[in-house]
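K.L.:
TSV, C-alpha atoms, saved as start20.tsv, coming up:
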chain	number	residue	atom	x	y	z
A	100	MET	CA	0.00	0.00	0.00
A	101	LYS	CA	1.37	3.41	-1.01
A	102	ARG	CA	0.81	6.15	1.54
A	103	ALA	CA	1.16	9.88	0.84
A	104	VAL	CA	0.89	12.96	3.02
A	105	VAL	CA	0.04	16.22	1.28
A	106	VAL	CA	0.53	19.46	3.23
A	107	GLY	CA	-1.17	22.51	1.76
A	108	ALA	CA	-4.09	20.47	0.41
A	109	SER	CA	-6.97	22.85	1.07
A	110	SER	CA	-6.92	24.34	-2.45
A	111	GLY	CA	-4.95	24.78	-5.64
A	112	ILE	CA	-2.21	22.39	-6.69
A	113	GLY	CA	-2.08	20.60	-3.34
A	114	LEU	CA	-5.76	19.65	-3.50
A	115	GLU	CA	-5.50	18.53	-7.13
A	116	VAL	CA	-2.43	16.38	-6.44
A	117	ALA	CA	-4.10	14.78	-3.39
A	118	ARG	CA	-7.13	13.88	-5.49
A	119	LEU	CA	-5.00	12.44	-8.30
A	120	LEU	CA	-2.95	10.31	-5.91
A	121	ARG	CA	-6.16	8.96	-4.37
A	122	GLN	CA	-7.49	8.11	-7.85
A	123	LYS	CA	-4.26	6.18	-8.52
A	124	GLY	CA	-4.76	4.01	-5.45
A	125	TRP	CA	-2.67	5.85	-2.88
A	126	THR	CA	-3.84	6.11	0.70
A	127	VAL	CA	-3.73	9.87	1.21
A	128	GLY	CA	-3.52	11.95	4.36
A	129	VAL	CA	-3.93	15.69	3.96
A	130	ALA	CA	-3.22	18.75	6.05
A	131	ALA	CA	-3.77	22.50	5.87
A	132	ARG	CA	-4.58	25.50	8.04
A	133	ARG	CA	-8.17	25.51	6.76
A	134	VAL	CA	-9.13	22.02	7.87
A	135	GLU	CA	-12.79	22.58	6.99
A	136	ARG	CA	-11.79	22.30	3.31
A	137	LEU	CA	-10.44	18.78	3.78
A	138	ALA	CA	-13.76	17.04	4.50
A	139	GLU	CA	-13.58	14.84	1.39
A	140	PHE	CA	-10.54	12.98	2.79
A	141	GLU	CA	-10.77	10.34	5.51
A	142	VAL	CA	-7.42	11.17	7.12
A	143	ALA	CA	-6.87	14.89	7.65
A	144	ALA	CA	-5.21	17.22	10.13
A	145	GLN	CA	-4.95	20.93	10.80
A	146	ILE	CA	-1.34	21.97	10.36
A	147	ASP	CA	0.03	25.49	10.10
A	148	VAL	CA	3.60	25.21	8.80
A	149	ASN	CA	4.52	28.31	10.81
A	150	ASP	CA	3.55	26.65	14.09
A	151	ALA	CA	6.49	25.39	16.13
A	152	GLU	CA	4.66	22.07	16.64
A	153	ALA	CA	3.90	21.56	12.95
A	154	GLY	CA	6.67	18.99	12.48
A	155	GLN	CA	5.35	16.84	15.30
A	156	ARG	CA	1.83	17.07	13.90
A	157	LEU	CA	3.15	15.82	10.58
A	158	VAL	CA	4.65	12.77	12.30
A	159	GLU	CA	1.34	12.12	14.07
A	160	LEU	CA	-0.52	12.34	10.76
A	161	ALA	CA	1.91	9.87	9.19
A	162	GLU	CA	1.38	7.46	12.07
A	163	ARG	CA	-2.41	7.72	11.68
A	164	LEU	CA	-1.94	6.87	8.02
A	165	GLY	CA	0.19	3.84	8.85
A	166	GLY	CA	3.37	5.33	7.41
A	167	MET	CA	4.55	7.87	4.85
A	168	ASP	CA	6.04	6.75	1.55
A	169	LEU	CA	5.58	10.18	-0.06
A	170	TYR	CA	5.64	13.62	1.47
A	171	PHE	CA	4.31	16.31	-0.87
A	172	HIS	CA	4.77	19.91	0.22
A	173	ALA	CA	2.40	22.35	-1.47
A	174	SER	CA	2.16	24.97	1.26
A	175	GLY	CA	3.41	28.45	0.40
A	176	ILE	CA	2.54	32.09	-0.18
A	177	GLY	CA	3.65	34.67	-2.69
A	178	ARG	CA	2.80	38.23	-3.69
A	179	GLN	CA	4.30	40.94	-5.78
A	180	ASN	CA	5.74	43.59	-3.50
A	181	ARG	CA	7.15	46.45	-5.52
A	182	GLU	CA	6.93	48.82	-2.53
A	183	LEU	CA	8.81	46.30	-0.35
A	184	GLN	CA	6.24	46.33	2.43
A	185	GLU	CA	7.84	44.78	5.47
A	186	ASP	CA	4.93	42.60	6.54
A	187	ILE	CA	4.66	40.97	3.10
A	188	GLU	CA	8.38	40.23	2.96
A	189	LEU	CA	8.54	38.78	6.48
A	190	GLN	CA	5.39	36.67	6.06
A	191	THR	CA	6.79	35.25	2.84
A	192	VAL	CA	10.13	34.41	4.43
A	193	GLU	CA	8.40	32.83	7.43
A	194	THR	CA	6.14	30.56	5.38
A	195	ASN	CA	8.34	29.77	2.37
A	196	GLY	CA	11.60	29.73	4.33
A	197	LEU	CA	11.11	28.67	7.93
A	198	GLY	CA	7.86	26.78	7.36
A	199	PHE	CA	9.27	24.93	4.37
A	200	THR	CA	12.44	23.99	6.24
A	201	ARG	CA	10.43	22.86	9.27
A	202	MET	CA	8.14	20.55	7.31
A	203	VAL	CA	10.59	19.12	4.79
A	204	GLY	CA	13.09	18.58	7.58
A	205	ALA	CA	10.49	16.73	9.65
A	206	ALA	CA	9.60	14.51	6.68
A	207	TYR	CA	13.30	13.80	6.06
A	208	ARG	CA	13.92	12.78	9.67
A	209	TYR	CA	10.82	10.57	9.69
A	210	MET	CA	11.87	8.78	6.51
A	211	ALA	CA	15.46	8.44	7.71
A	212	SER	CA	14.20	6.46	10.69
A	213	HIS	CA	11.53	4.50	8.81
A	214	GLY	CA	13.40	2.98	5.88
A	215	GLY	CA	13.20	5.83	3.37
A	216	GLY	CA	10.61	7.44	1.15
A	217	HIS	CA	10.09	10.19	-1.39
A	218	ILE	CA	9.96	13.95	-0.69
A	219	ALA	CA	8.45	16.14	-3.39
A	220	ALA	CA	8.02	19.88	-2.99
A	221	ILE	CA	6.65	22.74	-5.05
A	222	SER	CA	9.22	25.48	-5.38
A	223	SER	CA	9.04	27.70	-8.48
A	224	ILE	CA	10.79	28.95	-11.58
A	225	ALA	CA	10.98	32.21	-9.59
A	226	GLY	CA	13.97	30.74	-7.77
A	227	THR	CA	16.01	30.88	-10.99
A	228	LYS	CA	16.73	34.62	-10.74
A	229	GLY	CA	16.07	37.48	-8.37
A	230	LEU	CA	12.74	38.95	-9.56
A	231	GLY	CA	12.44	42.63	-8.64
A	232	PRO	CA	8.62	42.71	-8.42
A	233	ALA	CA	8.63	39.83	-5.88
A	234	PRO	CA	11.90	39.93	-3.91
A	235	ALA	CA	11.12	37.70	-0.93
A	236	TYR	CA	9.16	35.25	-3.06
A	237	SER	CA	11.98	34.66	-5.55
A	238	ALA	CA	14.58	34.57	-2.75
A	239	THR	CA	12.69	31.96	-0.73
A	240	LYS	CA	12.09	29.86	-3.82
A	241	ALA	CA	15.84	29.88	-4.46
A	242	LEU	CA	16.28	28.72	-0.86
A	243	GLN	CA	13.87	25.86	-1.48
A	244	ASN	CA	15.70	24.80	-4.65
A	245	THR	CA	19.03	24.73	-2.80
A	246	TYR	CA	17.65	23.09	0.34
A	247	VAL	CA	16.21	20.15	-1.59
A	248	GLN	CA	19.47	19.79	-3.49
A	249	ALA	CA	21.42	19.82	-0.21
A	250	LEU	CA	19.17	17.20	1.41
A	251	GLU	CA	19.53	14.99	-1.66
A	252	GLN	CA	23.29	15.10	-1.28
A	253	LEU	CA	23.03	14.52	2.46
A	254	ALA	CA	20.76	11.50	2.00
A	255	ASN	CA	23.15	10.00	-0.54
A	256	ALA	CA	26.11	10.57	1.77
A	257	ARG	CA	24.26	8.80	4.59
A	258	ARG	CA	23.07	6.09	2.18
A	259	LEU	CA	19.45	6.74	3.04
A	260	ASN	CA	16.77	5.49	0.69
A	261	ILE	CA	15.17	8.94	0.33
A	262	ARG	CA	14.37	10.34	-3.12
A	263	PHE	CA	13.61	13.97	-3.92
A	264	THR	CA	11.64	15.79	-6.59
A	265	ASP	CA	11.88	19.58	-6.86
A	266	ILE	CA	8.78	20.79	-8.74
A	267	ARG	CA	9.29	24.20	-10.39
A	268	PRO	CA	6.12	25.36	-12.11
A	269	GLY	CA	5.65	28.63	-13.89
A	270	PHE	CA	2.84	30.81	-12.63
A	271	VAL	CA	-0.25	28.70	-11.92
A	272	GLU	CA	-3.77	30.11	-11.85
A	273	THR	CA	-4.62	29.60	-8.17
A	274	ASP	CA	-5.68	31.70	-5.19
A	275	LEU	CA	-2.00	32.10	-4.31
A	276	LEU	CA	-1.48	34.77	-6.97
A	277	GLY	CA	-4.01	37.04	-5.33
A	278	GLY	CA	-5.18	38.70	-8.53
A	279	ASP	CA	-1.76	40.10	-9.50
A	280	PRO	CA	-0.98	40.00	-13.24
A	281	TYR	CA	1.32	37.18	-14.36
A	282	PRO	CA	2.32	35.91	-17.81
A	283	MET	CA	1.67	32.46	-19.28
A	284	LEU	CA	-0.61	31.23	-16.51
A	285	LEU	CA	-0.87	27.45	-16.19
A	286	ASP	CA	-3.95	25.36	-15.43
A	287	LYS	CA	-3.72	23.77	-11.97
A	288	THR	CA	-5.22	20.42	-13.05
A	289	ARG	CA	-2.73	20.04	-15.89
A	290	VAL	CA	0.11	21.01	-13.57
A	291	ALA	CA	-1.05	18.44	-10.99
A	292	ARG	CA	-1.00	15.68	-13.62
A	293	ASP	CA	2.55	16.65	-14.58
A	294	ILE	CA	3.59	16.62	-10.91
A	295	VAL	CA	2.20	13.14	-10.25
A	296	SER	CA	3.87	11.86	-13.41
A	297	SER	CA	7.18	13.41	-12.31
A	298	ILE	CA	6.89	11.74	-8.92
A	299	GLU	CA	6.17	8.37	-10.52
A	300	ARG	CA	9.17	8.81	-12.83
A	301	ARG	CA	11.34	9.86	-9.90
A	302	ARG	CA	12.50	13.03	-11.57
A	303	HIS	CA	14.96	15.09	-9.55
A	304	VAL	CA	13.90	18.49	-10.92
A	305	ARG	CA	10.85	19.28	-13.05
A	306	VAL	CA	10.16	22.68	-14.60
A	307	ILE	CA	6.54	23.01	-15.77
A	308	ASP	CA	5.81	23.57	-18.67
A	309	TRP	CA	7.93	23.58	-21.86
A	310	ARG	CA	7.56	27.34	-22.28
A	311	TRP	CA	8.91	27.99	-18.81
A	312	ARG	CA	11.75	25.54	-19.41
A	313	ILE	CA	12.87	27.70	-22.31
A	314	VAL	CA	12.35	30.94	-20.38
A	315	THR	CA	14.43	29.76	-17.42
A	316	TRP	CA	17.07	28.48	-19.83
A	317	LEU	CA	17.22	32.02	-21.17
A	318	TRP	CA	17.27	33.63	-17.73
A	319	ARG	CA	20.30	31.61	-16.64
A	320	ARG	CA	22.26	32.94	-19.59
A	321	ILE	CA	21.54	36.63	-19.10
A	322	PRO	CA	24.60	38.14	-17.40
A	323	ARG	CA	24.06	39.82	-14.06
A	324	PHE	CA	25.04	43.23	-15.41
A	325	VAL	CA	22.32	42.87	-18.05
A	326	TRP	CA	19.70	41.46	-15.70
A	327	ARG	CA	19.92	44.27	-13.16
A	328	ARG	CA	19.46	46.90	-15.87
A	329	LEU	CA	16.29	45.35	-17.26
A	330	SER	CA	13.33	47.09	-15.65
A	331	LEU	CA	11.15	44.10	-16.43
A	332	THR	CA	7.61	43.77	-15.23
A	333	LEU	CA	6.36	40.26	-14.73
A	334	ALA	CA	3.82	40.91	-17.48
A	335	VAL	CA	6.59	41.34	-20.08
A	336	LEU	CA	9.32	39.16	-18.61
A	337	LEU	CA	8.53	36.31	-20.95
A	338	SER	CA	9.90	36.02	-24.45
A	339	LEU	CA	7.48	33.43	-25.73
A	340	THR	CA	3.92	34.76	-25.87
A	341	ALA	CA	2.33	32.59	-28.54
A	342	GLY	CA	0.72	34.34	-31.48
A	343	ALA	CA	1.83	37.81	-30.42
A	344	LYS	CA	3.91	40.31	-32.37
A	345	ASP	CA	7.68	39.85	-32.38
A	346	TYR	CA	9.94	42.67	-31.23
A	347	VAL	CA	13.39	41.76	-32.51
A	348	ILE	CA	16.17	43.55	-30.64
A	349	THR	CA	18.10	44.13	-33.86
A	350	ASP	CA	15.28	46.51	-34.84
A	351	PHE	CA	16.12	48.53	-31.74
A	352	GLY	CA	19.84	48.98	-32.27
A	353	ALA	CA	21.36	45.62	-31.34
A	354	VAL	CA	24.30	44.25	-33.31
A	355	SER	CA	23.03	41.56	-35.67
A	356	ASP	CA	25.87	39.06	-35.30
A	357	THR	CA	23.75	36.61	-33.21
A	358	THR	CA	26.45	36.38	-30.54
A	359	ARG	CA	26.11	39.47	-28.36
A	360	LEU	CA	23.43	40.76	-25.99
A	361	SER	CA	22.66	44.49	-26.03
A	362	THR	CA	21.17	45.74	-22.77
A	363	GLU	CA	19.89	48.98	-24.27
A	364	ALA	CA	18.30	47.30	-27.29
A	365	ILE	CA	16.64	44.65	-25.14
A	366	GLN	CA	15.24	47.33	-22.86
A	367	ARG	CA	13.89	49.35	-25.80
A	368	ALA	CA	12.23	46.22	-27.22
A	369	VAL	CA	10.72	45.38	-23.81
A	370	ASP	CA	9.39	48.94	-23.44
A	371	ARG	CA	7.80	48.88	-26.89
A	372	CYS	CA	6.32	45.44	-26.16
A	373	ALA	CA	4.85	46.75	-22.91
A	374	GLU	CA	3.39	49.81	-24.62
A	375	ALA	CA	1.70	47.53	-27.15
A	376	GLY	CA	0.14	45.42	-24.40
A	377	GLY	CA	2.31	42.34	-24.85
A	378	GLY	CA	4.26	40.40	-27.42
A	379	ARG	CA	7.45	38.39	-27.88
A	380	VAL	CA	10.88	39.93	-27.41
A	381	VAL	CA	13.24	38.09	-29.76
A	382	VAL	CA	16.96	37.88	-28.94
A	383	PRO	CA	18.79	36.42	-31.98
A	384	ALA	CA	21.74	35.29	-29.87
A	385	ILE	CA	19.40	33.06	-27.88
A	386	ASP	CA	17.60	31.76	-30.98
A	387	GLU	CA	21.00	30.95	-32.48
A	388	ALA	CA	21.96	28.97	-29.39
A	389	LEU	CA	18.67	27.07	-29.36
A	390	LYS	CA	18.61	26.06	-33.01
A	391	ASP	CA	21.52	23.65	-32.61
A	392	GLU	CA	19.94	21.65	-29.80
A	393	LYS	CA	18.32	19.13	-32.22
A	394	GLU	CA	16.44	17.47	-29.38
A	395	ARG	CA	14.72	14.94	-31.65
A	396	GLU	CA	17.87	13.80	-33.45
A	397	TYR	CA	20.75	11.55	-32.50
A	398	PRO	CA	22.95	13.58	-30.10
A	399	GLU	CA	26.18	13.60	-32.10
A	400	ALA	CA	28.40	15.80	-29.93
A	401	THR	CA	30.78	16.86	-32.72
A	402	MET	CA	28.13	19.27	-34.00
A	403	TRP	CA	28.90	21.46	-30.96
A	404	GLY	CA	32.53	22.16	-31.79
A	405	ASN	CA	35.42	21.84	-29.34
A	406	LEU	CA	35.55	18.39	-27.76
A	407	PRO	CA	37.90	16.98	-25.11
A	408	ALA	CA	40.90	15.03	-26.33
A	409	LYS	CA	40.15	12.20	-23.94
A	410	GLY	CA	37.79	12.93	-21.12
A	411	PHE	CA	34.33	14.28	-20.53
A	412	TYR	CA	31.89	16.48	-22.42
A	413	VAL	CA	29.04	17.64	-20.20
A	414	ARG	CA	26.19	19.72	-21.61
A	415	HIS	CA	22.94	21.01	-20.03
A	416	ALA	CA	23.42	19.09	-16.79
A	417	ARG	CA	23.07	19.81	-13.10
A	418	HIS	CA	24.46	18.16	-9.95
A	419	VAL	CA	27.42	16.61	-11.80
A	420	SER	CA	30.46	15.77	-9.68
A	421	PHE	CA	33.77	14.04	-10.39
A	422	GLN	CA	36.18	12.73	-7.77
A	423	ASN	CA	39.67	11.25	-8.06
A	424	VAL	CA	39.72	11.47	-11.86
A	425	GLU	CA	42.95	11.62	-13.83
A	426	VAL	CA	42.96	12.13	-17.59
A	427	ALA	CA	46.09	11.51	-19.67
A	428	THR	CA	46.89	11.26	-23.38
A	429	ASP	CA	49.60	9.22	-25.07
A	430	ASN	CA	50.80	12.30	-26.93
A	431	PRO	CA	50.64	15.99	-25.97
A	432	ASP	CA	47.26	17.45	-26.81
A	433	ALA	CA	46.16	21.06	-26.26
A	434	ARG	CA	42.49	20.22	-26.17
A	435	PRO	CA	40.85	20.25	-22.72
A	436	ALA	CA	40.16	17.09	-20.74
A	437	PHE	CA	36.83	18.48	-19.61
A	438	VAL	CA	34.35	20.55	-21.59
A	439	ARG	CA	31.34	21.96	-19.75
A	440	VAL	CA	28.47	23.76	-21.44
A	441	ASP	CA	25.68	24.87	-19.10
A	442	ALA	CA	26.78	22.35	-16.51
A	443	GLU	CA	27.12	22.58	-12.76
So, in terms of structure tokens, how does the structure I just supplied come out?

P.N.:
Amino acid sequence: MKRAVVVGASSGIGLEVARLLRQKGWTVGVAARRVERLAEFEVAAQIDVNDAEAGQRLVELAERLGGMDLYFHASGIGRQNRELQEDIELQTVETNGLGFTRMVGAAYRYMASHGGGHIAAISSIAGTKGLGPAPAYSATKALQNTYVQALEQLANARRLNIRFTDIRPGFVETDLLGGDPYPMLLDKTRVARDIVSSIERRRHVRVIDWRWRIVTWLWRRIPRFVWRRLSLTLAVLLSLTAGAKDYVITDFGAVSDTTRLSTEAIQRAVDRCAEAGGGRVVVPAIDEALKDEKEREYPEATMWGNLPAKGFYVRHARHVSFQNVEVATDNPDARPAFVRVDAE
């Protein structure tokens, strides 16, 4: 019997995931602050992640369920806060930082002493970069990304049978957004199906959906000195609005050699896009980088140029580590032993 505990199940993604797991034959225990919304589930508890006793209540809920093979954390808050109101920032840090650490830590310790399990948590694509309109939200989501990664390493070092899935959706149409404008909103039911599939496939990190995977790929490649100069609003931050007019940065003064980013041209294109009510800002350097990916073809590495003489070529990878590796060639060779492209 598979047993799952979902915290933050009173609405939104948490509720949808709990329902899907139940449909798939899981025995599901749910928890939330608003326990009156959990009436459809047989095993439920009132848990506020900001309560000092919340971790103990999670353990009690797991015991009522007969165990916990999966812990799914869907509790969180987030608001745009352009005026940097103190109460919004502190509440966000308390729930998404302290509350997250409290609950995920409690689940980890329970599984460590009960033979293992699977911890899955909703973080966000907002953890990819510091987003000016939502400072505490993006900062706490980055904390969540790193915390899950750290626990995964810790569990491996201790040889614990604990798996992790970091779920990073784009902006999902739920009560959490509070009516603020966001681009490329995702349907919560579709997102829940993707989450359950990712858990079943034991994915380590899942960005939802394909549009946000491309957007975050782009974000990671924008240099810090460019990023801080872009007065982006979340309504125009995307570069992929389907069916909208293209604003190519070369039309706004950028050099058309497909290799360089022009801060001023990007900003002018973003401003014009905003004035028009939306659109797609096209950066040829990014398009040039993407066109060679050839995801549906055989991955022949020589198409990407410089290769190691005898060693490792790592591309688009995370959490890669090498220890006690020596690489030698029979004859002198100036080519590198390691080539990394978008790898950490």

K.L.:
Of the residues A:Gln145, A:Asn195, A:Asn180, A:Thr264, which is the one nearest to A:Leu160, using only C-alpha atoms?

P.N.:
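The answer is A:Gln145, which sits nearest to A:Leu160.
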
K.L.:
Tell me which residues come within 8 Å of (-0.7, 14.9, 3.7), as a list in words, counting all atoms listed in the file in the file's coordinates.

P.N.:
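Output of the proximity query reads Ala103, Val104, Val105, Val106, Gly107, Ala108, Ala117, Val127, Gly128, Val129, Ala130, Ala143, Leu157, Leu160, Ala161, Tyr170 and Phe171 of chain A.
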
K.L.:
Contacts of A:Ala442 at 7 Å or less, counting all atoms listed in the file, minus same-chain residues fewer than 5 places along, as a list in words?

P.N.:
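Selected residues are Val413, Arg414, His415, Ala416 and Arg417 of chain A.
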
K.L.:
Which of these residues is nearest to A:Gln243, using all atoms listed in the file: A:Leu189, A:Val158, A:Ile294, A:Val304?

P.N.:
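Closest to A:Gln243 of all the choices is A:Val304.
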
K.L.:
Neighbours of A:Gly352 within 10 Å (all atoms listed in the file; same-chain residues fewer than 3 positions away dropped), as a PDB file with C-alpha atoms, in the frame of the given file?

P.N.:
ATOM      1  CA  VAL A 347      13.390  41.760 -32.510  1.00  0.00           C
ATOM      2  CA  ILE A 348      16.170  43.550 -30.640  1.00  0.00           C
ATOM      3  CA  THR A 349      18.100  44.130 -33.860  1.00  0.00           C
ATOM      4  CA  SER A 355      23.030  41.560 -35.670  1.00  0.00           C
ATOM      5  CA  SER A 361      22.660  44.490 -26.030  1.00  0.00           C
ATOM      6  CA  GLU A 363      19.890  48.980 -24.270  1.00  0.00           C
ATOM      7  CA  ALA A 364      18.300  47.300 -27.290  1.00  0.00           C
ATOM      8  CA  ILE A 365      16.640  44.650 -25.140  1.00  0.00           C
ATOM      9  CA  ARG A 367      13.890  49.350 -25.800  1.00  0.00           C
ATOM     10  CA  ALA A 368      12.230  46.220 -27.220  1.00  0.00           C
TER      11      ALA A 368
END

K.L.:
In terms of the shortest atom-to-atom distance over all atoms listed in the file, which of A:Val306, A:Ala219, A:Val369, A:Val271 is closest to A:Arg289?

P.N.:
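Looking only at the distances to A:Arg289, the closest residue turns out to be A:Val271.
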
K.L.:
What lies within 7 Å of A:Val148 using only C-alpha atoms, ignoring chain neighbours under 5 positions off, as a PyMOL selection string?

P.N.:
chain A and resi 153+194+198+202

K.L.:
Write a file of the selected residues as a CSV table (one decimal), in the coordinates of the input, keeping C-alpha atoms.

P.N.:
chain,number,residue,atom,x,y,z
A,153,ALA,CA,3.9,21.6,13.0
A,194,THR,CA,6.1,30.6,5.4
A,198,GLY,CA,7.9,26.8,7.4
A,202,MET,CA,8.1,20.6,7.3

K.L.:
If I take atom CA of A:Gly410 and atom CA of A:Ala436, how far is one from the other in Å, to one decimal?

P.N.:
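Atom CA of A:Gly410 sits 4.8 Å away from atom CA of A:Ala436.
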
K.L.:
Counting all atoms listed in the file, which residue out of A:Ile176, A:Leu242, A:Val438, A:Val247 sits closest to A:Val203?

P.N.:
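Using all atoms listed in the file, the shortest distance to A:Val203 belongs to A:Val247.
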
K.L.:
Add whatever atoms are absent from stretch 141-158 of chain A to reach N, CA and C atoms, and provide the output as a PDB file, in the frame of the given file.

P.N.:
ATOM      1  N   GLU A 141     -10.525  11.058   4.257  1.00  0.00           N
ATOM      2  CA  GLU A 141     -10.770  10.340   5.510  1.00  0.00           C
ATOM      3  C   GLU A 141      -9.728  10.684   6.582  1.00  0.00           C
ATOM      4  N   VAL A 142      -8.492  10.873   6.156  1.00  0.00           N
ATOM      5  CA  VAL A 142      -7.420  11.170   7.120  1.00  0.00           C
ATOM      6  C   VAL A 142      -6.943  12.599   6.872  1.00  0.00           C
ATOM      7  N   ALA A 143      -7.194  13.476   7.817  1.00  0.00           N
ATOM      8  CA  ALA A 143      -6.870  14.890   7.650  1.00  0.00           C
ATOM      9  C   ALA A 143      -6.433  15.474   8.978  1.00  0.00           C
ATOM     10  N   ALA A 144      -5.670  16.548   8.915  1.00  0.00           N
ATOM     11  CA  ALA A 144      -5.210  17.220  10.130  1.00  0.00           C
ATOM     12  C   ALA A 144      -5.050  18.697   9.848  1.00  0.00           C
ATOM     13  N   GLN A 145      -5.192  19.492  10.913  1.00  0.00           N
ATOM     14  CA  GLN A 145      -4.950  20.930  10.800  1.00  0.00           C
ATOM     15  C   GLN A 145      -3.497  21.197  11.145  1.00  0.00           C
ATOM     16  N   ILE A 146      -2.761  21.664  10.157  1.00  0.00           N
ATOM     17  CA  ILE A 146      -1.340  21.970  10.360  1.00  0.00           C
ATOM     18  C   ILE A 146      -1.040  23.322   9.746  1.00  0.00           C
ATOM     19  N   ASP A 147      -0.497  24.208  10.563  1.00  0.00           N
ATOM     20  CA  ASP A 147       0.030  25.490  10.100  1.00  0.00           C
ATOM     21  C   ASP A 147       1.538  25.357  10.085  1.00  0.00           C
ATOM     22  N   VAL A 148       2.154  25.453   8.902  1.00  0.00           N
ATOM     23  CA  VAL A 148       3.600  25.210   8.800  1.00  0.00           C
ATOM     24  C   VAL A 148       4.413  26.197   9.620  1.00  0.00           C
ATOM     25  N   ASN A 149       3.809  27.316  10.010  1.00  0.00           N
ATOM     26  CA  ASN A 149       4.520  28.310  10.810  1.00  0.00           C
ATOM     27  C   ASN A 149       4.414  28.046  12.307  1.00  0.00           C
ATOM     28  N   ASP A 150       3.674  27.020  12.688  1.00  0.00           N
ATOM     29  CA  ASP A 150       3.550  26.650  14.090  1.00  0.00           C
ATOM     30  C   ASP A 150       4.762  25.813  14.504  1.00  0.00           C
ATOM     31  N   ALA A 151       5.307  26.104  15.671  1.00  0.00           N
ATOM     32  CA  ALA A 151       6.490  25.390  16.130  1.00  0.00           C
ATOM     33  C   ALA A 151       6.255  23.893  16.280  1.00  0.00           C
ATOM     34  N   GLU A 152       4.998  23.482  16.463  1.00  0.00           N
ATOM     35  CA  GLU A 152       4.660  22.070  16.640  1.00  0.00           C
ATOM     36  C   GLU A 152       4.258  21.384  15.336  1.00  0.00           C
ATOM     37  N   ALA A 153       4.383  22.104  14.223  1.00  0.00           N
ATOM     38  CA  ALA A 153       3.900  21.560  12.950  1.00  0.00           C
ATOM     39  C   ALA A 153       4.623  20.279  12.559  1.00  0.00           C
ATOM     40  N   GLY A 154       5.923  20.196  12.820  1.00  0.00           N
ATOM     41  CA  GLY A 154       6.670  18.990  12.480  1.00  0.00           C
ATOM     42  C   GLY A 154       6.169  17.774  13.227  1.00  0.00           C
ATOM     43  N   GLN A 155       5.870  17.944  14.503  1.00  0.00           N
ATOM     44  CA  GLN A 155       5.350  16.840  15.300  1.00  0.00           C
ATOM     45  C   GLN A 155       3.969  16.429  14.816  1.00  0.00           C
ATOM     46  N   ARG A 156       3.165  17.403  14.410  1.00  0.00           N
ATOM     47  CA  ARG A 156       1.830  17.070  13.900  1.00  0.00           C
ATOM     48  C   ARG A 156       1.922  16.290  12.592  1.00  0.00           C
ATOM     49  N   LEU A 157       2.944  16.585  11.804  1.00  0.00           N
ATOM     50  CA  LEU A 157       3.150  15.820  10.580  1.00  0.00           C
ATOM     51  C   LEU A 157       3.459  14.361  10.908  1.00  0.00           C
ATOM     52  N   VAL A 158       4.310  14.138  11.885  1.00  0.00           N
ATOM     53  CA  VAL A 158       4.650  12.770  12.300  1.00  0.00           C
ATOM     54  C   VAL A 158       3.399  12.048  12.798  1.00  0.00           C
TER      55      VAL A 158
END
